[in-house]
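To start, the structure under review is shown below, and the notes come after it.
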Amino acid sequence: MSPSTPKRVFVTVGSTKFDALIQQVLTDVILQTFCDNRFTDLVIQAGNSVLPASWNLVGEQIRREIGGLTVTVWKFKASLTEEIESADLVVSHAGSGTILDTLRSGKRLIVVPNNTLLDNHQTELAKALHERGHLIAATVESVHVTSTEP
């Protein structure tokens with residue numbers, strides 16, 4: 001991939017609220033990690049998550065340029081198919097629908113289980129699919145490390 005070829009990360013929490021993941025991907029450390037790995041676009045579907053105060057979403061979306069990275073944040077769309085298809089890397093909660101859609105598309109997938117959910121089925125699903133080599137299972141704290149893995 002040439003330096004001028006856009007590389008895109010898509011982060012999604014589906015229809016849930018996953019404050020920790022959304023806030024983590026908007027930290028300076030994660031944004032710098034994406035820049036260091038030559039990503040040019042970061043698109044975040046935040047769902048009902050609370051954004052950091054500096055990212056107050058008024059209207060449909062917010063877009064900012066940060067050190068060569070174009071960051072776009074929005075809450076919901078009717079379908080995520082187009083976003084997944086245009087991404088080079090998908091970082092997602094461990095919802096089964098999002099996982100299946102991303103695996104079908106052949107995109108690189110990092111899954112971060114939302115441990116605030118009741119029965120922790122997301123952790124079990126992520127671990128099983130990670131062990132079979134289908135995706136990379138991560139934690140909120142390890143997203144910056146796993147996003148650099150091939």
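Identifiers for the structure tokens are assigned positionally: chains receive A, B, ... in sequence, residues are indexed from 1 per chain, and ligands are indexed from 1 in the order shown.
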Picked from stretch 83-137 of chain A by DSSP as helix (DSSP H, G or I), as JSON, numbers by chain: {"A": [83, 84, 85, 96, 97, 98, 99, 100, 101, 102, 103, 104, 105, 121, 122, 123, 124, 125, 126, 127, 128, 129, 130, 131]}
All strand (DSSP E) residues (DSSP, backbone) inside chain A, as a ChimeraX atom specification: /A:8-12,41-45,61-66,69-74,89-92,108-111,136-137
Using N, CA, C and O atoms, can you export the residues from the last selection as a compact mmCIF listing (two decimals), in the first residue's frame?
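Saved to selection31.txt:
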```txt
# COMPACT_ATOMS: atom_id res chain seq x y z
N ARG A 8 -8.38 2.93 6.49
CA ARG A 8 -9.54 3.28 7.30
C ARG A 8 -9.77 2.31 8.44
O ARG A 8 -9.73 1.09 8.25
N VAL A 9 -10.02 2.85 9.64
CA VAL A 9 -10.43 2.08 10.81
C VAL A 9 -11.90 2.40 11.07
O VAL A 9 -12.29 3.57 11.06
N PHE A 10 -12.68 1.37 11.28
CA PHE A 10 -14.08 1.56 11.67
C PHE A 10 -14.27 0.96 13.05
O PHE A 10 -13.97 -0.21 13.28
N VAL A 11 -14.75 1.77 13.99
CA VAL A 11 -15.03 1.33 15.36
C VAL A 11 -16.53 1.34 15.55
O VAL A 11 -17.19 2.34 15.23
N THR A 12 -17.08 0.24 16.07
CA THR A 12 -18.53 0.17 16.27
C THR A 12 -18.87 -0.50 17.60
O THR A 12 -18.20 -1.43 18.03
N ASP A 41 -8.09 7.53 8.15
CA ASP A 41 -9.47 7.79 8.53
C ASP A 41 -9.88 6.88 9.68
O ASP A 41 -9.60 5.68 9.66
N LEU A 42 -10.53 7.48 10.66
CA LEU A 42 -11.10 6.76 11.78
C LEU A 42 -12.57 7.13 11.84
O LEU A 42 -12.91 8.30 12.01
N VAL A 43 -13.43 6.13 11.66
CA VAL A 43 -14.88 6.35 11.71
C VAL A 43 -15.40 5.59 12.92
O VAL A 43 -15.13 4.40 13.07
N ILE A 44 -16.14 6.30 13.77
CA ILE A 44 -16.62 5.71 15.02
C ILE A 44 -18.14 5.78 15.07
O ILE A 44 -18.73 6.87 15.01
N GLN A 45 -18.76 4.63 15.19
CA GLN A 45 -20.20 4.53 15.43
C GLN A 45 -20.34 4.36 16.94
O GLN A 45 -20.01 3.32 17.49
N GLN A 61 -23.30 14.20 13.17
CA GLN A 61 -21.94 13.70 13.33
C GLN A 61 -20.98 14.83 13.67
O GLN A 61 -21.32 16.00 13.53
N ILE A 62 -19.79 14.45 14.08
CA ILE A 62 -18.72 15.40 14.30
C ILE A 62 -17.49 14.88 13.54
O ILE A 62 -17.25 13.68 13.49
N ARG A 63 -16.76 15.80 12.92
CA ARG A 63 -15.57 15.42 12.16
C ARG A 63 -14.43 16.35 12.55
O ARG A 63 -14.61 17.56 12.61
N ARG A 64 -13.26 15.75 12.80
CA ARG A 64 -12.07 16.53 13.14
C ARG A 64 -10.85 15.95 12.46
O ARG A 64 -10.77 14.75 12.23
N GLU A 65 -9.90 16.83 12.18
CA GLU A 65 -8.59 16.42 11.66
C GLU A 65 -7.63 16.43 12.84
O GLU A 65 -7.49 17.45 13.51
N ILE A 66 -6.98 15.31 13.07
CA ILE A 66 -6.03 15.21 14.18
C ILE A 66 -4.76 14.57 13.67
O ILE A 66 -4.71 13.36 13.44
N LEU A 69 -5.01 12.37 10.69
CA LEU A 69 -6.10 11.40 10.82
C LEU A 69 -7.43 12.16 10.81
O LEU A 69 -7.63 13.07 11.61
N THR A 70 -8.31 11.77 9.90
CA THR A 70 -9.65 12.35 9.88
C THR A 70 -10.54 11.48 10.75
O THR A 70 -10.71 10.29 10.46
N VAL A 71 -11.08 12.06 11.81
CA VAL A 71 -11.91 11.32 12.77
C VAL A 71 -13.35 11.78 12.60
O VAL A 71 -13.65 12.96 12.70
N THR A 72 -14.23 10.81 12.35
CA THR A 72 -15.65 11.08 12.21
C THR A 72 -16.41 10.23 13.23
O THR A 72 -16.17 9.02 13.32
N VAL A 73 -17.29 10.87 13.99
CA VAL A 73 -18.07 10.17 15.01
C VAL A 73 -19.55 10.42 14.75
O VAL A 73 -19.96 11.55 14.51
N TRP A 74 -20.33 9.35 14.80
CA TRP A 74 -21.78 9.44 14.70
C TRP A 74 -22.39 8.34 15.56
O TRP A 74 -21.70 7.42 15.97
N LEU A 89 -9.57 -2.06 8.84
CA LEU A 89 -9.57 -2.64 10.18
C LEU A 89 -10.89 -2.29 10.84
O LEU A 89 -11.32 -1.14 10.78
N VAL A 90 -11.53 -3.28 11.47
CA VAL A 90 -12.75 -3.04 12.23
C VAL A 90 -12.45 -3.36 13.69
O VAL A 90 -11.89 -4.41 14.01
N VAL A 91 -12.79 -2.42 14.57
CA VAL A 91 -12.70 -2.62 16.01
C VAL A 91 -14.13 -2.60 16.51
O VAL A 91 -14.85 -1.62 16.30
N SER A 92 -14.55 -3.69 17.15
CA SER A 92 -15.96 -3.84 17.47
C SER A 92 -16.18 -4.40 18.86
O SER A 92 -15.33 -5.12 19.40
N ARG A 108 -10.00 -7.40 8.58
CA ARG A 108 -9.30 -7.63 9.84
C ARG A 108 -10.17 -7.12 10.98
O ARG A 108 -10.72 -6.03 10.92
N LEU A 109 -10.30 -7.93 12.04
CA LEU A 109 -11.25 -7.63 13.10
C LEU A 109 -10.62 -7.76 14.48
O LEU A 109 -10.03 -8.79 14.80
N ILE A 110 -10.73 -6.70 15.26
CA ILE A 110 -10.37 -6.72 16.67
C ILE A 110 -11.68 -6.60 17.44
O ILE A 110 -12.45 -5.67 17.22
N VAL A 111 -11.91 -7.54 18.34
CA VAL A 111 -13.15 -7.57 19.12
C VAL A 111 -12.83 -7.26 20.58
O VAL A 111 -11.91 -7.85 21.15
N ILE A 136 -9.00 -11.06 16.42
CA ILE A 136 -8.13 -10.76 17.56
C ILE A 136 -9.02 -10.30 18.69
O ILE A 136 -9.79 -9.34 18.54
N ALA A 137 -8.97 -11.00 19.82
CA ALA A 137 -9.73 -10.58 21.00
C ALA A 137 -8.84 -9.65 21.81
O ALA A 137 -7.65 -9.91 22.00
```
Please identify every residue of stretch 41-142 of chain A that has at least one atom no farther than 8 Å from an atom of stretch 16-32 of chain A, counting only C-alpha atoms, and for each give the shortest atom pair and the distance in Å to one decimal, arranged by chain then increasing number, as a Markdown table.
```
| residue | atom | partner | partner_atom | distance |
| --- | --- | --- | --- | --- |
| A:Ile44 | CA | A:Ile22 | CA | 7.8 |
| A:Ala46 | CA | A:Ile22 | CA | 6.4 |
| A:Gly47 | CA | A:Thr16 | CA | 5.9 |
| A:Asn48 | CA | A:Lys17 | CA | 4.7 |
| A:Ser49 | CA | A:Lys17 | CA | 4.4 |
| A:Val50 | CA | A:Asp19 | CA | 5.4 |
| A:Leu51 | CA | A:Gln23 | CA | 6.2 |
| A:Pro52 | CA | A:Gln23 | CA | 6.1 |
| A:Ile66 | CA | A:Leu31 | CA | 8.0 |
| A:Leu69 | CA | A:Leu31 | CA | 7.8 |
| A:His93 | CA | A:Phe18 | CA | 7.9 |
| A:Val112 | CA | A:Leu21 | CA | 7.7 |
| A:Asn114 | CA | A:Phe18 | CA | 6.6 |
| A:Val140 | CA | A:Leu21 | CA | 5.7 |
| A:Glu141 | CA | A:Gln24 | CA | 7.7 |
```
Quick one: write out the picked residues with N, CA, C and O atoms as a PDB file, in the first residue's frame?
```
ATOM      1  N   ILE A  44     -16.140   6.303  13.767  1.00  0.00           N
ATOM      2  CA  ILE A  44     -16.623   5.710  15.021  1.00  0.00           C
ATOM      3  C   ILE A  44     -18.140   5.785  15.069  1.00  0.00           C
ATOM      4  O   ILE A  44     -18.725   6.866  15.007  1.00  0.00           O
ATOM      5  N   ALA A  46     -20.779   5.419  17.617  1.00  0.00           N
ATOM      6  CA  ALA A  46     -20.754   5.468  19.083  1.00  0.00           C
ATOM      7  C   ALA A  46     -22.013   4.931  19.752  1.00  0.00           C
ATOM      8  O   ALA A  46     -22.011   4.747  20.973  1.00  0.00           O
ATOM      9  N   GLY A  47     -23.065   4.676  18.998  1.00  0.00           N
ATOM     10  CA  GLY A  47     -24.294   4.196  19.623  1.00  0.00           C
ATOM     11  C   GLY A  47     -24.751   5.144  20.721  1.00  0.00           C
ATOM     12  O   GLY A  47     -24.728   6.359  20.553  1.00  0.00           O
ATOM     13  N   ASN A  48     -25.135   4.586  21.852  1.00  0.00           N
ATOM     14  CA  ASN A  48     -25.592   5.389  22.984  1.00  0.00           C
ATOM     15  C   ASN A  48     -24.468   5.721  23.966  1.00  0.00           C
ATOM     16  O   ASN A  48     -24.736   6.160  25.080  1.00  0.00           O
ATOM     17  N   SER A  49     -23.239   5.506  23.562  1.00  0.00           N
ATOM     18  CA  SER A  49     -22.098   5.744  24.444  1.00  0.00           C
ATOM     19  C   SER A  49     -21.908   7.229  24.728  1.00  0.00           C
ATOM     20  O   SER A  49     -22.220   8.083  23.899  1.00  0.00           O
ATOM     21  N   VAL A  50     -21.344   7.493  25.885  1.00  0.00           N
ATOM     22  CA  VAL A  50     -21.011   8.856  26.276  1.00  0.00           C
ATOM     23  C   VAL A  50     -19.653   9.197  25.681  1.00  0.00           C
ATOM     24  O   VAL A  50     -18.680   8.456  25.863  1.00  0.00           O
ATOM     25  N   LEU A  51     -19.607  10.309  24.964  1.00  0.00           N
ATOM     26  CA  LEU A  51     -18.347  10.763  24.369  1.00  0.00           C
ATOM     27  C   LEU A  51     -17.583  11.613  25.372  1.00  0.00           C
ATOM     28  O   LEU A  51     -18.191  12.236  26.249  1.00  0.00           O
ATOM     29  N   PRO A  52     -16.257  11.680  25.232  1.00  0.00           N
ATOM     30  CA  PRO A  52     -15.505  12.614  26.067  1.00  0.00           C
ATOM     31  C   PRO A  52     -16.052  14.033  25.865  1.00  0.00           C
ATOM     32  O   PRO A  52     -16.550  14.363  24.780  1.00  0.00           O
ATOM     33  N   ILE A  66      -6.980  15.305  13.073  1.00  0.00           N
ATOM     34  CA  ILE A  66      -6.033  15.210  14.182  1.00  0.00           C
ATOM     35  C   ILE A  66      -4.756  14.566  13.670  1.00  0.00           C
ATOM     36  O   ILE A  66      -4.712  13.356  13.438  1.00  0.00           O
ATOM     37  N   LEU A  69      -5.011  12.373  10.694  1.00  0.00           N
ATOM     38  CA  LEU A  69      -6.098  11.399  10.820  1.00  0.00           C
ATOM     39  C   LEU A  69      -7.428  12.158  10.814  1.00  0.00           C
ATOM     40  O   LEU A  69      -7.630  13.069  11.607  1.00  0.00           O
ATOM     41  N   HIS A  93     -17.360  -4.107  19.392  1.00  0.00           N
ATOM     42  CA  HIS A  93     -17.845  -4.852  20.554  1.00  0.00           C
ATOM     43  C   HIS A  93     -18.003  -6.290  20.078  1.00  0.00           C
ATOM     44  O   HIS A  93     -17.880  -6.573  18.883  1.00  0.00           O
ATOM     45  N   VAL A 112     -13.591  -6.332  21.140  1.00  0.00           N
ATOM     46  CA  VAL A 112     -13.424  -5.926  22.533  1.00  0.00           C
ATOM     47  C   VAL A 112     -14.738  -6.213  23.262  1.00  0.00           C
ATOM     48  O   VAL A 112     -15.711  -5.481  23.085  1.00  0.00           O
ATOM     49  N   ASN A 114     -17.679  -6.229  25.831  1.00  0.00           N
ATOM     50  CA  ASN A 114     -18.212  -5.251  26.770  1.00  0.00           C
ATOM     51  C   ASN A 114     -18.531  -5.986  28.067  1.00  0.00           C
ATOM     52  O   ASN A 114     -19.575  -6.608  28.198  1.00  0.00           O
ATOM     53  N   VAL A 140     -10.309  -3.318  26.474  1.00  0.00           N
ATOM     54  CA  VAL A 140     -10.281  -1.875  26.266  1.00  0.00           C
ATOM     55  C   VAL A 140      -8.850  -1.366  26.419  1.00  0.00           C
ATOM     56  O   VAL A 140      -8.376  -0.558  25.625  1.00  0.00           O
ATOM     57  N   GLU A 141      -8.147  -1.892  27.420  1.00  0.00           N
ATOM     58  CA  GLU A 141      -6.784  -1.429  27.704  1.00  0.00           C
ATOM     59  C   GLU A 141      -5.759  -1.878  26.667  1.00  0.00           C
ATOM     60  O   GLU A 141      -4.716  -1.247  26.515  1.00  0.00           O
TER      61      GLU A 141
END
```
Gap from atom CA of A:Asn37 to atom CA of A:Lys107 - Å, one decimal: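 About the pair atom CA of A:Asn37 and atom CA of A:Lys107: they are 16.5 Å apart.
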Given only C-alpha atoms as the counted atoms, nearest of A:His144, A:Lys75, A:Lys7, A:His134 to A:Ile99: A:His134
Option closest in space to A:Ser105, from A:Ala126, A:Cys35, A:Leu117, A:Leu80 [counting only C-alpha atoms]: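 So, comparing all the options, the nearest one is A:Leu80.
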